Amino acid sequence: MICKIRWFFLLFTIFLTPQKFVSAQDFLLHEVNYEEANQVALGNVMDELSQEQGFYFSYQSSLIDLDETVSVPSYEGQVADFLRLLLGEDFEFKEHDKYVIIKYAPGKLDVDLIEGNKRSMLKGKVRDLHSGEAVPFASVYERNTMVSSLSDQNGDFELKYKMQPDDLVWLTVSKEEYRDTSFVILPSVDVGLRDKSRKLRFYPEDGAVEAMENSALGRLFIGFRQRVQRLNLGGFFAESPMQVSLTPGLSSQGVFNSQMINNFSLNILGGYTAGVEGLEIAGIFNINQKDVKAFQVAGIFNMTGGDVDGFQASGIHNFVYGKVNGFQVGGIYNHVKGEVNGGQVAGIYNFSQGSSDIQIAGLFNKTDQANVLQIAGLSNRADRSTGAFQIAGLNNYSQGEVSYQIAGLVNKAEHVSGVQLAGLINIAKSSDYPIGLINLIEDGRKSLAVGIDETGIGQITFRSGGRKLYGIVGLGMRELSERMYGLDLGFGLHVLDKKKLLMDFEFVNRQTTDFSEFSNNTSFFRLIPAYKLGDRLSIMGGPSIGFTVFDKNWEYPSPGYVLAGRTTKNGRYALHAGFYAGVAYSL
């Protein structure tokens, strides 16, 4: 006949504090003196208490309204009693390290133990202490072995473990919105306490784990039992040397696996653990509530609720809700919600919501702040920058300062301290050395000029750039023996910039054609002095040297003064001296 075996254990209806979850600080026992205050914000009272006593509060953000106004009477006594006065009797207070943890726990638990082998198995039922009703999905675990179970719909549980005959059995029951209940089952002979407890840790809730569990991958791979375990245990974790999982929940640590921080973790298909400090390997995926330190690799994806310190690699995807201090490699995609102090390499896309040191991607990089380097096959974007180097096949964008930008099409930045090189357009508030056809620099120069050179082609030329380098785009036409059209592309350097006198050096490449029979190519080197006639108008003129490759059917004379020439079966070549003259209007 089943009988209650309460005669061989000592029941403590206490919380986790007697289990060495409390540090030597004993903040809750500290004395506090508080003067009467009327209509003050609850958050201000808690901040004042926290600063005075030297601890931090930890609680779910939805639990307490910090903006609520309260009236607090004069008080002299312990911190724990002051918090009960402030928040009410429905809250439980625990402490760990420098944290005072606030938990909404209006309910109290009771446990009925049913006869079993107390050295290897316990059976029991979890009830509500006041109503006597069964409590489903409560976490029941033995503290020394870290073996865990969940009560079923009827409140029943079964816990299997291995203990020595003279070992104490420390049993803890936790449930969301209930106060934690712990008790010890004493051995029949030796009642001396043995301290075989594992090292326990506390991490304050920051919402990252909940967001991870509610993500598409989290909903798919994290089971109900692991979610309930996290809610029940509320930020407490234990250390373990190793674990092996087939899938989340099917592991050497059972459902308690999600609360264990391991030195070595092997997930044959996938696993859900508290974290790893050493090595974690998975055939498909690794999911961690908190931090990953040292080395982690997965065939498909890694998802980390805390920080990564070390190296993380996956065949497809890495997602980190904290920050990365080290190196991250993803076959397709890396996503970090915090900062990256190190590097990200991805086949397609890197994304960091904080700052990033180095990002290298096959297509796209995006970060809040680029610190050192971004390289992408198509596009780089940094909402802020501290002097990074951006290289992209298509375009670069930064709202802060960058050192260099190189893009096949467009660069845009606030301030560029070095060279800005683009195949088409550079845009910046300040950039002294832009190299592009069109350079829209706020503190630079832009002008529209009408000019002519020794070829007889009249040109309309747009010059744009910074205080040193500028780009040149021009269109021209001549009406002589043959109507020819010209397209000028090039760049220039401001050599002299005085109040009235300017001096520029330019390299221009011109393609001339009649769109039917002839096509010539000329490269010019020009030294062009200019004199300002006013704030916007200036006249310019100076010598040039050109090198022309004529069409093989071209029969007309070479332009300018021919310095050297040669004719072959493929066409005629000429090196010639000449001039450039024009009028410019500053925009």
# chains A, B, ... in the order shown; residues from 1 in each chain; ligands from 1
call {"tool": "select_by_dssp", "arguments": {"residues": "stretch 317-562 of chain A", "states": "strand (DSSP E)", "output": "ChimeraX atom specification"}}
result
/A:317-320,324-330,333-336,340-346,349-361,364-376,379-392,395-398,401-407,410-422,425-435,438-441,445-453,458-465,469-479,483-497,501-513,519-532,537-549,561-562
call {"tool": "residues_around", "arguments": {"residues": "stretch 546-553 of chain A", "least_positions_apart": "4", "cutoff": "10 Å", "atoms": "only C-alpha atoms", "output": "mmCIF file with all heavy atoms, in the first residue's frame"}}
result
data_model
loop_
_atom_site.group_PDB
_atom_site.id
_atom_site.type_symbol
_atom_site.label_atom_id
_atom_site.label_comp_id
_atom_site.auth_asym_id
_atom_site.auth_seq_id
_atom_site.Cartn_x
_atom_site.Cartn_y
_atom_site.Cartn_z
ATOM 1 N N GLU A 454 42.602 72.364 -78.955
ATOM 2 C CA GLU A 454 43.240 72.320 -80.266
ATOM 3 C C GLU A 454 42.538 71.406 -81.252
ATOM 4 O O GLU A 454 42.777 71.499 -82.477
ATOM 5 C CB GLU A 454 44.712 71.904 -80.138
ATOM 6 C CG GLU A 454 44.943 70.445 -79.777
ATOM 7 C CD GLU A 454 45.027 70.217 -78.282
ATOM 8 O OE1 GLU A 454 44.515 71.069 -77.513
ATOM 9 O OE2 GLU A 454 45.603 69.209 -77.862
ATOM 10 N N THR A 455 41.660 70.533 -80.801
ATOM 11 C CA THR A 455 40.944 69.648 -81.726
ATOM 12 C C THR A 455 39.808 70.372 -82.426
ATOM 13 O O THR A 455 39.220 69.833 -83.370
ATOM 14 C CB THR A 455 40.375 68.438 -80.972
ATOM 15 O OG1 THR A 455 39.390 68.883 -80.047
ATOM 16 C CG2 THR A 455 41.477 67.676 -80.258
ATOM 17 N N PHE A 507 43.566 65.296 -66.100
ATOM 18 C CA PHE A 507 43.688 64.208 -67.075
ATOM 19 C C PHE A 507 42.295 63.919 -67.598
ATOM 20 O O PHE A 507 41.369 63.666 -66.847
ATOM 21 C CB PHE A 507 44.277 62.944 -66.448
ATOM 22 C CG PHE A 507 44.172 61.748 -67.350
ATOM 23 C CD1 PHE A 507 45.070 61.586 -68.404
ATOM 24 C CD2 PHE A 507 43.170 60.801 -67.169
ATOM 25 C CE1 PHE A 507 44.968 60.492 -69.247
ATOM 26 C CE2 PHE A 507 43.068 59.710 -68.013
ATOM 27 C CZ PHE A 507 43.961 59.547 -69.047
ATOM 28 N N VAL A 508 42.164 63.960 -68.945
ATOM 29 C CA VAL A 508 40.863 63.767 -69.580
ATOM 30 C C VAL A 508 41.010 62.773 -70.723
ATOM 31 O O VAL A 508 41.945 62.868 -71.534
ATOM 32 C CB VAL A 508 40.285 65.099 -70.124
ATOM 33 C CG1 VAL A 508 38.962 64.851 -70.840
ATOM 34 C CG2 VAL A 508 40.107 66.095 -68.988
ATOM 35 N N ASN A 509 40.088 61.841 -70.788
ATOM 36 C CA ASN A 509 40.031 60.917 -71.915
ATOM 37 C C ASN A 509 38.785 61.238 -72.730
ATOM 38 O O ASN A 509 37.688 61.353 -72.177
ATOM 39 C CB ASN A 509 39.984 59.469 -71.442
ATOM 40 C CG ASN A 509 40.008 58.492 -72.593
ATOM 41 O OD1 ASN A 509 38.981 58.085 -73.120
ATOM 42 N ND2 ASN A 509 41.214 58.112 -73.009
ATOM 43 N N ARG A 510 38.994 61.405 -74.056
ATOM 44 C CA ARG A 510 37.880 61.781 -74.930
ATOM 45 C C ARG A 510 37.679 60.736 -76.015
ATOM 46 O O ARG A 510 38.636 60.320 -76.681
ATOM 47 C CB ARG A 510 38.143 63.134 -75.581
ATOM 48 C CG ARG A 510 37.086 63.535 -76.625
ATOM 49 C CD ARG A 510 37.421 64.849 -77.266
ATOM 50 N NE ARG A 510 37.405 65.922 -76.268
ATOM 51 C CZ ARG A 510 37.982 67.097 -76.450
ATOM 52 N NH1 ARG A 510 38.653 67.342 -77.577
ATOM 53 N NH2 ARG A 510 37.922 68.029 -75.521
ATOM 54 N N GLN A 511 36.423 60.369 -76.179
ATOM 55 C CA GLN A 511 36.032 59.496 -77.284
ATOM 56 C C GLN A 511 35.242 60.357 -78.270
ATOM 57 O O GLN A 511 34.204 60.926 -77.922
ATOM 58 C CB GLN A 511 35.176 58.328 -76.784
ATOM 59 C CG GLN A 511 34.886 57.274 -77.818
ATOM 60 C CD GLN A 511 36.112 56.421 -78.146
ATOM 61 O OE1 GLN A 511 36.949 56.184 -77.294
ATOM 62 N NE2 GLN A 511 36.217 55.980 -79.388
ATOM 63 N N THR A 512 35.745 60.459 -79.527
ATOM 64 C CA THR A 512 35.048 61.238 -80.555
ATOM 65 C C THR A 512 34.552 60.304 -81.650
ATOM 66 O O THR A 512 35.227 59.335 -82.025
ATOM 67 C CB THR A 512 35.972 62.294 -81.176
ATOM 68 O OG1 THR A 512 37.145 61.662 -81.695
ATOM 69 C CG2 THR A 512 36.364 63.325 -80.138
ATOM 70 N N THR A 513 33.382 60.607 -82.160
ATOM 71 C CA THR A 513 32.792 59.745 -83.182
ATOM 72 C C THR A 513 31.781 60.531 -83.995
ATOM 73 O O THR A 513 31.229 61.540 -83.536
ATOM 74 C CB THR A 513 32.101 58.520 -82.533
ATOM 75 O OG1 THR A 513 31.539 57.698 -83.561
ATOM 76 C CG2 THR A 513 31.003 58.954 -81.583
ATOM 77 N N GLU A 517 31.143 56.344 -89.284
ATOM 78 C CA GLU A 517 32.351 55.848 -89.924
ATOM 79 C C GLU A 517 33.591 55.955 -89.056
ATOM 80 O O GLU A 517 34.398 55.034 -88.985
ATOM 81 C CB GLU A 517 32.583 56.633 -91.227
ATOM 82 C CG GLU A 517 33.774 56.128 -92.043
ATOM 83 C CD GLU A 517 33.942 56.891 -93.335
ATOM 84 O OE1 GLU A 517 33.129 57.809 -93.609
ATOM 85 O OE2 GLU A 517 34.876 56.559 -94.083
ATOM 86 N N PHE A 518 33.757 57.082 -88.346
ATOM 87 C CA PHE A 518 34.999 57.345 -87.648
ATOM 88 C C PHE A 518 34.817 57.265 -86.125
ATOM 89 O O PHE A 518 33.778 57.655 -85.585
ATOM 90 C CB PHE A 518 35.544 58.733 -88.024
ATOM 91 C CG PHE A 518 35.799 58.906 -89.486
ATOM 92 C CD1 PHE A 518 35.029 59.782 -90.238
ATOM 93 C CD2 PHE A 518 36.798 58.166 -90.107
ATOM 94 C CE1 PHE A 518 35.257 59.931 -91.586
ATOM 95 C CE2 PHE A 518 37.033 58.328 -91.462
ATOM 96 C CZ PHE A 518 36.255 59.198 -92.217
ATOM 97 N N SER A 519 35.913 56.842 -85.477
ATOM 98 C CA SER A 519 35.948 56.816 -84.015
ATOM 99 C C SER A 519 37.393 56.992 -83.560
ATOM 100 O O SER A 519 38.238 56.136 -83.833
ATOM 101 C CB SER A 519 35.380 55.509 -83.478
ATOM 102 O OG SER A 519 35.395 55.494 -82.067
ATOM 103 N N ASN A 520 37.689 58.117 -82.896
ATOM 104 C CA ASN A 520 39.034 58.415 -82.406
ATOM 105 C C ASN A 520 39.038 58.470 -80.874
ATOM 106 O O ASN A 520 38.015 58.768 -80.240
ATOM 107 C CB ASN A 520 39.527 59.755 -82.943
ATOM 108 C CG ASN A 520 39.573 59.780 -84.452
ATOM 109 O OD1 ASN A 520 39.755 58.742 -85.099
ATOM 110 N ND2 ASN A 520 39.393 60.964 -85.027
ATOM 111 N N ASN A 521 40.198 58.220 -80.291
ATOM 112 C CA ASN A 521 40.349 58.298 -78.841
ATOM 113 C C ASN A 521 41.563 59.158 -78.505
ATOM 114 O O ASN A 521 42.653 58.942 -79.034
ATOM 115 C CB ASN A 521 40.520 56.899 -78.242
ATOM 116 C CG ASN A 521 40.591 56.944 -76.729
ATOM 117 O OD1 ASN A 521 41.653 57.079 -76.151
ATOM 118 N ND2 ASN A 521 39.429 56.832 -76.098
ATOM 119 N N THR A 522 41.369 60.148 -77.611
ATOM 120 C CA THR A 522 42.443 61.075 -77.236
ATOM 121 C C THR A 522 42.532 61.164 -75.722
ATOM 122 O O THR A 522 41.499 61.279 -75.032
ATOM 123 C CB THR A 522 42.186 62.471 -77.809
ATOM 124 O OG1 THR A 522 42.016 62.389 -79.221
ATOM 125 C CG2 THR A 522 43.363 63.397 -77.492
ATOM 126 N N SER A 523 43.747 61.158 -75.209
ATOM 127 C CA SER A 523 44.017 61.385 -73.787
ATOM 128 C C SER A 523 44.781 62.686 -73.641
ATOM 129 O O SER A 523 45.800 62.901 -74.317
ATOM 130 C CB SER A 523 44.829 60.234 -73.207
ATOM 131 O OG SER A 523 44.100 59.026 -73.252
ATOM 132 N N PHE A 524 44.280 63.597 -72.745
ATOM 133 C CA PHE A 524 44.868 64.910 -72.551
ATOM 134 C C PHE A 524 45.454 65.034 -71.143
ATOM 135 O O PHE A 524 44.854 64.578 -70.158
ATOM 136 C CB PHE A 524 43.815 66.016 -72.719
ATOM 137 C CG PHE A 524 43.238 66.145 -74.089
ATOM 138 C CD1 PHE A 524 42.014 65.559 -74.396
ATOM 139 C CD2 PHE A 524 43.897 66.867 -75.070
ATOM 140 C CE1 PHE A 524 41.457 65.688 -75.652
ATOM 141 C CE2 PHE A 524 43.346 67.007 -76.332
ATOM 142 C CZ PHE A 524 42.126 66.400 -76.629
ATOM 143 N N PHE A 525 46.601 65.694 -71.056
ATOM 144 C CA PHE A 525 47.135 66.201 -69.796
ATOM 145 C C PHE A 525 47.151 67.718 -69.908
ATOM 146 O O PHE A 525 47.776 68.277 -70.810
ATOM 147 C CB PHE A 525 48.546 65.669 -69.549
ATOM 148 C CG PHE A 525 48.591 64.201 -69.248
ATOM 149 C CD1 PHE A 525 48.773 63.280 -70.274
ATOM 150 C CD2 PHE A 525 48.447 63.742 -67.950
ATOM 151 C CE1 PHE A 525 48.804 61.922 -70.015
ATOM 152 C CE2 PHE A 525 48.485 62.392 -67.681
ATOM 153 C CZ PHE A 525 48.662 61.468 -68.713
ATOM 154 N N ARG A 526 46.461 68.402 -68.961
ATOM 155 C CA ARG A 526 46.298 69.843 -69.066
ATOM 156 C C ARG A 526 46.752 70.535 -67.780
ATOM 157 O O ARG A 526 46.507 70.039 -66.674
ATOM 158 C CB ARG A 526 44.837 70.209 -69.307
ATOM 159 C CG ARG A 526 44.267 69.710 -70.615
ATOM 160 C CD ARG A 526 42.755 69.876 -70.616
ATOM 161 N NE ARG A 526 42.178 69.539 -71.916
ATOM 162 C CZ ARG A 526 40.876 69.332 -72.101
ATOM 163 N NH1 ARG A 526 40.027 69.422 -71.082
ATOM 164 N NH2 ARG A 526 40.420 69.047 -73.302
ATOM 165 N N SER A 558 46.365 65.738 -88.041
ATOM 166 C CA SER A 558 46.375 65.646 -86.580
ATOM 167 C C SER A 558 46.181 67.024 -85.981
ATOM 168 O O SER A 558 46.630 68.032 -86.543
ATOM 169 C CB SER A 558 47.702 65.066 -86.103
ATOM 170 O OG SER A 558 47.900 63.776 -86.634
ATOM 171 N N PRO A 559 45.526 67.142 -84.837
ATOM 172 C CA PRO A 559 45.283 68.457 -84.226
ATOM 173 C C PRO A 559 46.535 68.995 -83.564
ATOM 174 O O PRO A 559 47.455 68.251 -83.200
ATOM 175 C CB PRO A 559 44.194 68.156 -83.196
ATOM 176 C CG PRO A 559 44.438 66.726 -82.806
ATOM 177 C CD PRO A 559 44.903 66.042 -84.057
ATOM 178 N N GLY A 560 46.575 70.311 -83.363
ATOM 179 C CA GLY A 560 47.636 70.937 -82.610
ATOM 180 C C GLY A 560 48.998 70.828 -83.277
ATOM 181 O O GLY A 560 49.132 70.631 -84.490
ATOM 182 N N TYR A 561 50.030 70.967 -82.442
ATOM 183 C CA TYR A 561 51.411 70.870 -82.920
ATOM 184 C C TYR A 561 51.879 69.436 -82.673
ATOM 185 O O TYR A 561 51.978 68.988 -81.522
ATOM 186 C CB TYR A 561 52.295 71.867 -82.183
ATOM 187 C CG TYR A 561 53.747 71.787 -82.582
ATOM 188 C CD1 TYR A 561 54.179 72.356 -83.794
ATOM 189 C CD2 TYR A 561 54.683 71.142 -81.772
ATOM 190 C CE1 TYR A 561 55.505 72.285 -84.174
ATOM 191 C CE2 TYR A 561 56.013 71.076 -82.147
ATOM 192 C CZ TYR A 561 56.417 71.634 -83.348
ATOM 193 O OH TYR A 561 57.736 71.550 -83.724
ATOM 194 N N VAL A 562 52.167 68.717 -83.765
ATOM 195 C CA VAL A 562 52.516 67.303 -83.660
ATOM 196 C C VAL A 562 53.945 67.164 -83.170
ATOM 197 O O VAL A 562 54.887 67.628 -83.808
ATOM 198 C CB VAL A 562 52.323 66.579 -85.008
ATOM 199 C CG1 VAL A 562 52.741 65.125 -84.885
ATOM 200 C CG2 VAL A 562 50.867 66.688 -85.458
ATOM 201 N N LEU A 563 54.104 66.512 -82.034
ATOM 202 C CA LEU A 563 55.429 66.245 -81.477
ATOM 203 C C LEU A 563 56.001 64.945 -81.998
ATOM 204 O O LEU A 563 57.209 64.817 -82.195
ATOM 205 C CB LEU A 563 55.345 66.199 -79.942
ATOM 206 C CG LEU A 563 54.832 67.472 -79.259
ATOM 207 C CD1 LEU A 563 54.680 67.239 -77.764
ATOM 208 C CD2 LEU A 563 55.756 68.638 -79.534
ATOM 209 N N ALA A 564 55.132 63.960 -82.236
ATOM 210 C CA ALA A 564 55.572 62.669 -82.769
ATOM 211 C C ALA A 564 54.361 61.980 -83.367
ATOM 212 O O ALA A 564 53.221 62.201 -82.950
ATOM 213 C CB ALA A 564 56.203 61.808 -81.684
ATOM 214 N N GLY A 565 54.599 61.158 -84.386
ATOM 215 C CA GLY A 565 53.496 60.448 -85.010
ATOM 216 C C GLY A 565 53.949 59.157 -85.650
ATOM 217 O O GLY A 565 55.139 58.967 -85.952
ATOM 218 N N ARG A 566 52.985 58.280 -85.894
ATOM 219 C CA ARG A 566 53.305 57.004 -86.517
ATOM 220 C C ARG A 566 52.050 56.470 -87.185
ATOM 221 O O ARG A 566 50.944 56.629 -86.657
ATOM 222 C CB ARG A 566 53.803 56.013 -85.472
ATOM 223 C CG ARG A 566 54.251 54.682 -86.062
ATOM 224 C CD ARG A 566 54.718 53.748 -84.962
ATOM 225 N NE ARG A 566 55.121 52.468 -85.507
ATOM 226 C CZ ARG A 566 55.460 51.409 -84.777
ATOM 227 N NH1 ARG A 566 55.440 51.488 -83.450
ATOM 228 N NH2 ARG A 566 55.817 50.279 -85.350
ATOM 229 N N THR A 567 52.259 55.821 -88.339
ATOM 230 C CA THR A 567 51.139 55.231 -89.070
ATOM 231 C C THR A 567 51.403 53.753 -89.283
ATOM 232 O O THR A 567 52.488 53.362 -89.712
ATOM 233 C CB THR A 567 50.940 55.913 -90.424
ATOM 234 O OG1 THR A 567 50.723 57.323 -90.226
ATOM 235 C CG2 THR A 567 49.771 55.313 -91.164
ATOM 236 N N THR A 568 50.413 52.917 -88.981
ATOM 237 C CA THR A 568 50.500 51.472 -89.196
ATOM 238 C C THR A 568 49.258 51.032 -89.953
ATOM 239 O O THR A 568 48.375 51.839 -90.261
ATOM 240 C CB THR A 568 50.584 50.718 -87.859
ATOM 241 O OG1 THR A 568 49.333 50.842 -87.180
ATOM 242 C CG2 THR A 568 51.699 51.261 -86.971
ATOM 243 N N LYS A 569 49.187 49.736 -90.211
ATOM 244 C CA LYS A 569 48.017 49.220 -90.937
ATOM 245 C C LYS A 569 46.743 49.293 -90.095
ATOM 246 O O LYS A 569 45.629 49.202 -90.623
ATOM 247 C CB LYS A 569 48.264 47.784 -91.378
ATOM 248 C CG LYS A 569 48.480 46.816 -90.216
ATOM 249 C CD LYS A 569 48.712 45.405 -90.732
ATOM 250 C CE LYS A 569 48.906 44.418 -89.582
ATOM 251 N NZ LYS A 569 49.108 43.036 -90.070
ATOM 252 N N ASN A 570 46.923 49.424 -88.782
ATOM 253 C CA ASN A 570 45.753 49.497 -87.889
ATOM 254 C C ASN A 570 45.289 50.927 -87.645
ATOM 255 O O ASN A 570 44.260 51.140 -87.022
ATOM 256 C CB ASN A 570 46.078 48.856 -86.546
ATOM 257 C CG ASN A 570 46.319 47.369 -86.691
ATOM 258 O OD1 ASN A 570 45.640 46.689 -87.463
ATOM 259 N ND2 ASN A 570 47.294 46.851 -85.950
ATOM 260 N N GLY A 571 46.080 51.915 -88.091
ATOM 261 C CA GLY A 571 45.671 53.286 -87.878
ATOM 262 C C GLY A 571 46.859 54.190 -87.653
ATOM 263 O O GLY A 571 48.014 53.805 -87.817
ATOM 264 N N ARG A 572 46.555 55.441 -87.229
ATOM 265 C CA ARG A 572 47.579 56.449 -87.038
ATOM 266 C C ARG A 572 47.596 56.897 -85.584
ATOM 267 O O ARG A 572 46.549 56.986 -84.932
ATOM 268 C CB ARG A 572 47.288 57.635 -87.962
ATOM 269 C CG ARG A 572 48.325 58.751 -87.909
ATOM 270 C CD ARG A 572 48.329 59.535 -89.227
ATOM 271 N NE ARG A 572 47.004 59.937 -89.639
ATOM 272 C CZ ARG A 572 46.458 61.128 -89.382
ATOM 273 N NH1 ARG A 572 47.142 62.012 -88.685
ATOM 274 N NH2 ARG A 572 45.262 61.421 -89.838
ATOM 275 N N TYR A 573 48.812 57.194 -85.062
ATOM 276 C CA TYR A 573 48.996 57.637 -83.696
ATOM 277 C C TYR A 573 49.722 58.972 -83.724
ATOM 278 O O TYR A 573 50.604 59.174 -84.553
ATOM 279 C CB TYR A 573 49.840 56.635 -82.897
ATOM 280 C CG TYR A 573 49.325 55.221 -82.971
ATOM 281 C CD1 TYR A 573 49.732 54.365 -84.000
ATOM 282 C CD2 TYR A 573 48.453 54.726 -82.012
ATOM 283 C CE1 TYR A 573 49.272 53.071 -84.077
ATOM 284 C CE2 TYR A 573 47.985 53.433 -82.067
ATOM 285 C CZ TYR A 573 48.397 52.604 -83.103
ATOM 286 O OH TYR A 573 47.939 51.320 -83.167
ATOM 287 N N ALA A 574 49.357 59.869 -82.789
ATOM 288 C CA ALA A 574 50.011 61.172 -82.775
ATOM 289 C C ALA A 574 50.094 61.698 -81.353
ATOM 290 O O ALA A 574 49.133 61.597 -80.571
ATOM 291 C CB ALA A 574 49.259 62.162 -83.650
ATOM 292 N N LEU A 575 51.262 62.255 -81.016
ATOM 293 C CA LEU A 575 51.462 62.981 -79.768
ATOM 294 C C LEU A 575 51.526 64.451 -80.123
ATOM 295 O O LEU A 575 52.371 64.868 -80.913
ATOM 296 C CB LEU A 575 52.763 62.534 -79.100
ATOM 297 C CG LEU A 575 53.111 63.221 -77.777
ATOM 298 C CD1 LEU A 575 52.099 62.837 -76.703
ATOM 299 C CD2 LEU A 575 54.530 62.854 -77.337
ATOM 300 N N HIS A 576 50.633 65.248 -79.563
ATOM 301 C CA HIS A 576 50.518 66.629 -80.013
ATOM 302 C C HIS A 576 50.357 67.574 -78.833
ATOM 303 O O HIS A 576 49.790 67.214 -77.781
ATOM 304 C CB HIS A 576 49.332 66.782 -80.982
ATOM 305 C CG HIS A 576 48.072 66.138 -80.505
ATOM 306 N ND1 HIS A 576 47.162 66.787 -79.715
ATOM 307 C CD2 HIS A 576 47.576 64.883 -80.723
ATOM 308 C CE1 HIS A 576 46.141 65.974 -79.459
ATOM 309 N NE2 HIS A 576 46.362 64.810 -80.054
ATOM 310 N N ALA A 577 50.853 68.778 -78.990
ATOM 311 C CA ALA A 577 50.709 69.838 -77.993
ATOM 312 C C ALA A 577 49.599 70.785 -78.428
ATOM 313 O O ALA A 577 49.345 70.946 -79.620
ATOM 314 C CB ALA A 577 52.024 70.589 -77.830
ATOM 315 N N GLY A 578 48.962 71.389 -77.423
ATOM 316 C CA GLY A 578 47.868 72.288 -77.757
ATOM 317 C C GLY A 578 47.501 73.168 -76.584
ATOM 318 O O GLY A 578 48.345 73.522 -75.754
ATOM 319 N N PHE A 579 46.219 73.496 -76.476
ATOM 320 C CA PHE A 579 45.768 74.426 -75.465
ATOM 321 C C PHE A 579 44.338 74.063 -75.062
ATOM 322 O O PHE A 579 43.642 73.282 -75.716
ATOM 323 C CB PHE A 579 45.786 75.853 -76.007
ATOM 324 C CG PHE A 579 44.738 76.087 -77.068
ATOM 325 C CD1 PHE A 579 43.491 76.626 -76.742
ATOM 326 C CD2 PHE A 579 44.984 75.737 -78.399
ATOM 327 C CE1 PHE A 579 42.533 76.812 -77.719
ATOM 328 C CE2 PHE A 579 44.007 75.923 -79.363
ATOM 329 C CZ PHE A 579 42.778 76.456 -79.033
#
call {"tool": "closest_atom_pairs", "arguments": {"of": "stretch 176-274 of chain A", "to": "stretch 281-304 of chain A", "cutoff": "9 Å", "atoms": "only C-alpha atoms", "output": "CSV"}}
result
residue,atom,partner,partner_atom,distance
A:Tyr203,CA,A:Lys290,CA,8.3
A:Ala208,CA,A:Gln289,CA,8.5
A:Val209,CA,A:Gln289,CA,5.9
A:Met212,CA,A:Met303,CA,7.9
A:Leu217,CA,A:Met303,CA,8.7
A:Gly218,CA,A:Ile287,CA,8.4
A:Phe221,CA,A:Ile287,CA,8.8
A:Ile222,CA,A:Ile287,CA,8.5
A:Pro248,CA,A:Ile287,CA,8.8
A:Ser258,CA,A:Gln289,CA,7.2
A:Gln259,CA,A:Gln289,CA,8.1
A:Ile261,CA,A:Lys290,CA,8.6
A:Phe264,CA,A:Ile281,CA,8.5
A:Ser265,CA,A:Ile281,CA,6.4
A:Leu266,CA,A:Ile281,CA,5.1
A:Asn267,CA,A:Ala282,CA,4.5
A:Ile268,CA,A:Gly283,CA,5.3
A:Leu269,CA,A:Gly283,CA,4.9
A:Gly270,CA,A:Phe285,CA,4.6
A:Gly271,CA,A:Asn286,CA,5.4
A:Tyr272,CA,A:Ile287,CA,4.7
A:Thr273,CA,A:Asn288,CA,5.0
A:Ala274,CA,A:Gln289,CA,4.6
call {"tool": "closest_residue", "arguments": {"among": "A:Phe256, A:Tyr349, A:Phe311, A:Tyr141", "to": "A:Thr181", "atoms": "only C-alpha atoms"}}
result
A:Tyr141
call {"tool": "closest_residue", "arguments": {"among": "A:Ser516, A:Gln243, A:Ser544, A:Ser50", "to": "A:Arg483", "atoms": "only C-alpha atoms"}}
result
A:Ser516
call {"tool": "atom_distance", "arguments": {"atom1": "atom CA of A:Gln399", "atom2": "atom CA of A:Arg384"}}
result
5.0 Å
call {"tool": "atom_distance", "arguments": {"atom1": "atom CA of A:Glu414", "atom2": "atom CA of A:Lys429"}}
result
5.1 Å
call {"tool": "residues_around", "arguments": {"residues": "A:Gly343", "least_positions_apart": "3", "cutoff": "6 Å", "atoms": "only C-alpha atoms", "output": "PyMOL selection string"}}
result
chain A and resi 327+358-359
call {"tool": "write_last_selection", "arguments": {"atoms": "N, CA and C atoms", "output": "CSV table (one decimal), in the first residue's frame"}}
result
chain,number,residue,atom,x,y,z
A,327,PHE,N,35.3,35.8,-33.5
A,327,PHE,CA,35.2,35.6,-35.0
A,327,PHE,C,34.0,34.7,-35.2
A,358,ILE,N,35.1,44.2,-38.2
A,358,ILE,CA,35.3,43.7,-39.5
A,358,ILE,C,34.1,42.9,-40.0
A,359,GLN,N,33.6,43.2,-41.2
A,359,GLN,CA,32.6,42.5,-41.9
A,359,GLN,C,33.0,42.1,-43.3
call {"tool": "closest_residue", "arguments": {"among": "A:Val70, A:Val147, A:Val40, A:Ile332", "to": "A:Met260", "atoms": "only C-alpha atoms"}}
result
A:Val147
call {"tool": "residues_around", "arguments": {"residues": "A:Gly338", "least_positions_apart": "2", "cutoff": "12 Å", "atoms": "only C-alpha atoms", "output": "ChimeraX atom specification"}}
result
/A:208,304-308,319-325,335-336,340-341,351-356,367-369
call {"tool": "closest_residue", "arguments": {"among": "A:Val495, A:Gly458, A:Gly465, A:Ile391", "to": "A:Arg478", "atoms": "only C-alpha atoms"}}
result
A:Gly458
call {"tool": "residues_around", "arguments": {"residues": "A:Val419", "least_positions_apart": "4", "cutoff": "8 Å", "atoms": "only C-alpha atoms", "output": "PyMOL selection string"}}
result
chain A and resi 403-405+431-435
call {"tool": "residues_around", "arguments": {"residues": "A:Ile64", "least_positions_apart": "4", "cutoff": "10 Å", "atoms": "only C-alpha atoms", "output": "PyMOL selection string"}}
result
chain A and resi 42-43+59-60+68+87+102+104
call {"tool": "closest_residue", "arguments": {"among": "A:Met540, A:Leu28, A:Leu587, A:Leu63", "to": "A:Lys446", "atoms": "only C-alpha atoms"}}
result
A:Leu587
call {"tool": "residues_around", "arguments": {"residues": "stretch 122-136 of chain A", "least_positions_apart": "4", "cutoff": "7 Å", "atoms": "only C-alpha atoms", "output": "PyMOL selection string"}}
result
chain A and resi 108-118+151-160
